[in-house]
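Inspection log for the structure reproduced underneath, given as structure tokens.
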Amino acid sequence: MSERVLILVALSLIIAMVAGTTIQLRRPQFAPPLVVDTMRKASPPLKLADVSSVDAAGNAKPFNSRITRPTLVTFWATWCVPCLREMPTLAKFKPMAEAAGIDLITVNEDKEGLPVASKFLAEKGLSDLPLVVDADGKVAKALGVKGMPTALIVNARGEEVARMEGEADWGDKASLDIMITLLELGPAPAPAR
């Protein structure tokens, strides 16, 4: 075969792969339900590291001091496709969690920092999600986060009781029930009418 034919074949394959990826990203995909069997429980609970963190308003303080109630901490990035599918489910989770006395903190891992994270949240109508920016990855490293999305379930004493690596649908009431069980908070509140 001539060199020209090989180049055309290679270019055709590259175009086909790019087109396939684009179609895959545009096709509606749904986050899988949260399943307690996919979580690693910490026994005994692990105290969160005392590492510096900065929120979207620029306030710096130790990450563990941000935990004052039971909290779901999620690590995400704008380049992580499963994270992008999961983020809207966290927006549905937030009011249910607040009603149950549970906080939510999202930790963005984009190297570009706040501009990229806040732009994404604003474009998707998710600006009310509490945001910590971890552009240097120090928080993720201190907490042993190896991939994204990763969720940590933290009790009111600032101890990790469980961790889930991978995507989940946090917007379902069953996810809140699982979290309440892991935190040993008692029964979930009845939905508002």
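Residues in the structure tokens are named by chain (A, B, ... in the order shown) and by number from 1 within that chain; ligands are numbered from 1 in the order shown.
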
Could you give me, as JSON lines, a per-residue list for segment 164-188 of chain A showing, wherever an atom lies at most 10 Å from an atom of segment 102-123 of chain A, the closest pair of atoms and their distance in Å to one decimal, using only C-alpha atoms and sorting by chain then residue number from low to high?
{"residue": "A:Leu176", "atom": "CA", "partner": "A:Ile102", "partner_atom": "CA", "distance": 9.3}
{"residue": "A:Met179", "atom": "CA", "partner": "A:Ile102", "partner_atom": "CA", "distance": 9.2}
{"residue": "A:Ile180", "atom": "CA", "partner": "A:Ile102", "partner_atom": "CA", "distance": 8.7}
{"residue": "A:Leu183", "atom": "CA", "partner": "A:Ile102", "partner_atom": "CA", "distance": 9.8}
{"residue": "A:Leu185", "atom": "CA", "partner": "A:Ile102", "partner_atom": "CA", "distance": 9.9}

task = Could you jot down the atom CA of Asp177 of chain A to atom CA of Asp128 of chain A separation for me, Å, one decimal place?
result =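 Atom-to-atom, atom CA of Asp177 of chain A to atom CA of Asp128 of chain A, that is 22.6 Å.
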
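Of the residues under consideration (A:Val154, A:Leu126, A:Ala140, A:Ile7), A:Val154 shows the shortest atom-to-atom contact distance to Arg69 of chain A when counting only C-alpha atoms.
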
request  = Extract the full set of helix (DSSP H, G or I) residues from chain A according to DSSP on the backbone, and format it as an MDAnalysis selection string.
outcome  = chainID A and resid 3:26 36:38 63:66 81:99 114:123 138:142 173:183

request  = Tell me which of A:Met164, A:Val54, A:Met39, A:Ala49 sits closest to Asp136 of chain A, counting only C-alpha atoms.
outcome  = A:Val54

message = Report, in Å to a single decimal, how far apart atom CA of Glu159 of chain A and atom CA of Ala42 of chain A are.
response = 9.0 Å
